[in-house]
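Below is one structure, written out as structure tokens; comments come after it.
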Amino acid sequence: MKNAEIIKNLGLILESEAINYLESSERLFLMNILQKLETKNYELSENEQILSNKIIKKYNKFLI
């Protein structure tokens, strides 16, 4: 998944009802990653990509 897709999906998760179900570590991770991706030309590490994809899959039902 490309950074633009990740930004879009993570932003949608944070704006949806999923925000009520996020664990505090997930919420913190999402906000930090979004800030990094939006402020500079930042490439996600392999671990950040894996965690982002897990969170997106976990909360995807709120995006439909």
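Labels for the structure tokens follow display order: chains A, B, ..., residues from 1 in each chain, ligands from 1.
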
Practice item. May I have the residues within 9 Å of Ile56 in chain A as a PyMOL selection string, using only C-alpha atoms and disregarding those fewer than 4 positions away in the same chain? Key: chain A and resi 6+9-10+13+51-52+60

Please, could you write that set of residues out with C-alpha atoms as a PDB file, in the first residue's frame?
```pdb
ATOM      1  CA  ILE A   6      -2.333   4.740   4.004  1.00  0.00           C
ATOM      2  CA  ASN A   9      -7.368   5.077   5.171  1.00  0.00           C
ATOM      3  CA  LEU A  10      -5.851   6.072   8.508  1.00  0.00           C
ATOM      4  CA  ILE A  13     -10.427   5.581  10.566  1.00  0.00           C
ATOM      5  CA  LEU A  51       1.222  -2.193  11.874  1.00  0.00           C
ATOM      6  CA  SER A  52      -0.643   0.307   9.681  1.00  0.00           C
ATOM      7  CA  ASN A  60     -11.981  -1.551   7.873  1.00  0.00           C
TER       8      ASN A  60
END
```

Practice item. Just the residues within 12 Å of range 19-26 of chain A, please, counting only C-alpha atoms, with nothing from its chain fewer than 5 positions along; format it as a list in words. Key: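 Counting only the stated atoms, we get Leu10, Gly11, Leu12, Ile13, Leu14, Met31, Asn32, Ile33, Glu48, Leu51, Ser52, Asn53, Lys54, Ile55, Ile56, Lys58, Tyr59, Lys61, Phe62 and Leu63 of chain A.
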
Export, as a PDB file, in the first residue's frame, the selected residues with N, CA and C atoms.
```pdb
ATOM      1  N   LEU A  10      -6.043   5.764   7.094  1.00  0.00           N
ATOM      2  CA  LEU A  10      -5.851   6.072   8.508  1.00  0.00           C
ATOM      3  C   LEU A  10      -6.634   7.315   8.909  1.00  0.00           C
ATOM      4  N   GLY A  11      -6.678   8.290   8.017  1.00  0.00           N
ATOM      5  CA  GLY A  11      -7.485   9.485   8.278  1.00  0.00           C
ATOM      6  C   GLY A  11      -8.958   9.158   8.393  1.00  0.00           C
ATOM      7  N   LEU A  12      -9.437   8.287   7.510  1.00  0.00           N
ATOM      8  CA  LEU A  12     -10.839   7.875   7.568  1.00  0.00           C
ATOM      9  C   LEU A  12     -11.146   7.129   8.864  1.00  0.00           C
ATOM     10  N   ILE A  13     -10.229   6.301   9.304  1.00  0.00           N
ATOM     11  CA  ILE A  13     -10.427   5.581  10.566  1.00  0.00           C
ATOM     12  C   ILE A  13     -10.531   6.561  11.724  1.00  0.00           C
ATOM     13  N   LEU A  14      -9.639   7.540  11.755  1.00  0.00           N
ATOM     14  CA  LEU A  14      -9.660   8.515  12.851  1.00  0.00           C
ATOM     15  C   LEU A  14     -10.895   9.403  12.824  1.00  0.00           C
ATOM     16  N   MET A  31      -1.891   8.705  15.013  1.00  0.00           N
ATOM     17  CA  MET A  31      -1.696  10.157  14.996  1.00  0.00           C
ATOM     18  C   MET A  31      -0.242  10.507  14.678  1.00  0.00           C
ATOM     19  N   ASN A  32       0.707   9.756  15.215  1.00  0.00           N
ATOM     20  CA  ASN A  32       2.124  10.018  14.937  1.00  0.00           C
ATOM     21  C   ASN A  32       2.475   9.736  13.484  1.00  0.00           C
ATOM     22  N   ILE A  33       1.987   8.630  12.961  1.00  0.00           N
ATOM     23  CA  ILE A  33       2.278   8.274  11.570  1.00  0.00           C
ATOM     24  C   ILE A  33       1.653   9.283  10.619  1.00  0.00           C
ATOM     25  N   GLU A  48       6.325  -0.179  10.488  1.00  0.00           N
ATOM     26  CA  GLU A  48       5.234   0.803  10.456  1.00  0.00           C
ATOM     27  C   GLU A  48       4.198   0.410   9.410  1.00  0.00           C
ATOM     28  N   LEU A  51       2.167  -2.608  10.845  1.00  0.00           N
ATOM     29  CA  LEU A  51       1.222  -2.193  11.874  1.00  0.00           C
ATOM     30  C   LEU A  51       0.082  -1.371  11.284  1.00  0.00           C
ATOM     31  N   SER A  52       0.396  -0.490  10.344  1.00  0.00           N
ATOM     32  CA  SER A  52      -0.643   0.307   9.681  1.00  0.00           C
ATOM     33  C   SER A  52      -1.636  -0.597   8.971  1.00  0.00           C
ATOM     34  N   ASN A  53      -1.134  -1.577   8.248  1.00  0.00           N
ATOM     35  CA  ASN A  53      -2.019  -2.495   7.528  1.00  0.00           C
ATOM     36  C   ASN A  53      -2.877  -3.314   8.478  1.00  0.00           C
ATOM     37  N   LYS A  54      -2.317  -3.740   9.608  1.00  0.00           N
ATOM     38  CA  LYS A  54      -3.097  -4.486  10.600  1.00  0.00           C
ATOM     39  C   LYS A  54      -4.234  -3.639  11.155  1.00  0.00           C
ATOM     40  N   ILE A  55      -3.933  -2.386  11.453  1.00  0.00           N
ATOM     41  CA  ILE A  55      -4.955  -1.484  12.002  1.00  0.00           C
ATOM     42  C   ILE A  55      -6.032  -1.213  10.952  1.00  0.00           C
ATOM     43  N   ILE A  56      -5.618  -0.985   9.717  1.00  0.00           N
ATOM     44  CA  ILE A  56      -6.582  -0.730   8.642  1.00  0.00           C
ATOM     45  C   ILE A  56      -7.498  -1.936   8.463  1.00  0.00           C
ATOM     46  N   LYS A  58      -8.194  -4.244  10.690  1.00  0.00           N
ATOM     47  CA  LYS A  58      -8.988  -4.425  11.914  1.00  0.00           C
ATOM     48  C   LYS A  58     -10.200  -3.499  11.944  1.00  0.00           C
ATOM     49  N   TYR A  59     -10.031  -2.272  11.489  1.00  0.00           N
ATOM     50  CA  TYR A  59     -11.098  -1.274  11.577  1.00  0.00           C
ATOM     51  C   TYR A  59     -11.728  -0.956  10.221  1.00  0.00           C
ATOM     52  N   LYS A  61     -14.136  -2.294   8.717  1.00  0.00           N
ATOM     53  CA  LYS A  61     -15.614  -2.349   8.722  1.00  0.00           C
ATOM     54  C   LYS A  61     -16.245  -0.986   9.002  1.00  0.00           C
ATOM     55  N   PHE A  62     -15.512  -0.078   9.625  1.00  0.00           N
ATOM     56  CA  PHE A  62     -16.032   1.257   9.901  1.00  0.00           C
ATOM     57  C   PHE A  62     -15.899   2.181   8.688  1.00  0.00           C
ATOM     58  N   LEU A  63     -15.116   1.756   7.703  1.00  0.00           N
ATOM     59  CA  LEU A  63     -14.897   2.589   6.515  1.00  0.00           C
ATOM     60  C   LEU A  63     -15.897   2.326   5.418  1.00  0.00           C
TER      61      LEU A  63
END
```

All residues 12 Å or closer to Ala4 in chain A, only C-alpha atoms, same chain fewer than 5 positions away omitted, as a compact mmCIF listing (two decimals) with N, CA and C atoms, in the first residue's frame:
```
# COMPACT_ATOMS: atom_id res chain seq x y z
N ASN A 9 -6.70 6.06 4.33
CA ASN A 9 -7.37 5.08 5.17
C ASN A 9 -7.23 5.38 6.66
N LEU A 10 -6.04 5.76 7.09
CA LEU A 10 -5.85 6.07 8.51
C LEU A 10 -6.63 7.31 8.91
N GLY A 11 -6.68 8.29 8.02
CA GLY A 11 -7.49 9.49 8.28
C GLY A 11 -8.96 9.16 8.39
N LEU A 34 0.41 9.66 10.87
CA LEU A 34 -0.24 10.65 10.00
C LEU A 34 0.52 11.97 10.02
N LEU A 37 3.70 11.49 7.94
CA LEU A 37 3.43 11.37 6.51
C LEU A 37 2.95 12.67 5.88
N GLU A 38 2.23 13.48 6.64
CA GLU A 38 1.69 14.72 6.09
C GLU A 38 2.68 15.86 6.12
N ASN A 41 8.30 14.30 3.40
CA ASN A 41 8.36 13.17 2.47
C ASN A 41 8.93 11.98 3.22
N TYR A 42 8.11 11.37 4.04
CA TYR A 42 8.52 10.31 4.95
C TYR A 42 8.11 8.96 4.39
N GLU A 43 9.02 8.03 4.39
CA GLU A 43 8.72 6.66 3.97
C GLU A 43 8.56 5.81 5.21
N LEU A 44 7.50 5.04 5.24
CA LEU A 44 7.24 4.16 6.38
C LEU A 44 8.25 3.02 6.42
```

Point to revise | Filtered DSSP result for chain A, state alpha helix (DSSP H), as a ChimeraX atom specification | key: /A:3-15,24-39,46-59

Resulting file, chosen residues, C-alpha atoms, as a CSV table (one decimal), in the first residue's frame:
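Just written: selection02.csv:
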```csv
chain,number,residue,atom,x,y,z
A,3,ASN,CA,1.7,6.3,1.5
A,4,ALA,CA,-1.2,8.2,-0.1
A,5,GLU,CA,-3.5,5.2,0.4
A,6,ILE,CA,-2.3,4.7,4.0
A,7,ILE,CA,-2.9,8.4,4.8
A,8,LYS,CA,-6.4,8.3,3.3
A,9,ASN,CA,-7.4,5.1,5.2
A,10,LEU,CA,-5.9,6.1,8.5
A,11,GLY,CA,-7.5,9.5,8.3
A,12,LEU,CA,-10.8,7.9,7.6
A,13,ILE,CA,-10.4,5.6,10.6
A,14,LEU,CA,-9.7,8.5,12.9
A,15,GLU,CA,-12.7,10.4,11.5
A,24,SER,CA,-4.6,3.9,23.1
A,25,SER,CA,-1.5,2.6,21.6
A,26,GLU,CA,-3.2,2.3,18.2
A,27,ARG,CA,-4.5,5.9,18.5
A,28,LEU,CA,-1.1,7.2,19.4
A,29,PHE,CA,0.6,5.3,16.5
A,30,LEU,CA,-2.0,6.5,14.0
A,31,MET,CA,-1.7,10.2,15.0
A,32,ASN,CA,2.1,10.0,14.9
A,33,ILE,CA,2.3,8.3,11.6
A,34,LEU,CA,-0.2,10.7,10.0
A,35,GLN,CA,1.7,13.6,11.3
A,36,LYS,CA,5.0,12.2,9.9
A,37,LEU,CA,3.4,11.4,6.5
A,38,GLU,CA,1.7,14.7,6.1
A,39,THR,CA,4.5,17.0,7.2
A,46,GLU,CA,8.6,-2.1,7.3
A,47,ASN,CA,7.3,-2.4,10.8
A,48,GLU,CA,5.2,0.8,10.5
A,49,GLN,CA,3.7,-0.5,7.2
A,50,ILE,CA,2.8,-3.9,8.9
A,51,LEU,CA,1.2,-2.2,11.9
A,52,SER,CA,-0.6,0.3,9.7
A,53,ASN,CA,-2.0,-2.5,7.5
A,54,LYS,CA,-3.1,-4.5,10.6
A,55,ILE,CA,-5.0,-1.5,12.0
A,56,ILE,CA,-6.6,-0.7,8.6
A,57,LYS,CA,-7.8,-4.3,8.3
A,58,LYS,CA,-9.0,-4.4,11.9
A,59,TYR,CA,-11.1,-1.3,11.6
```
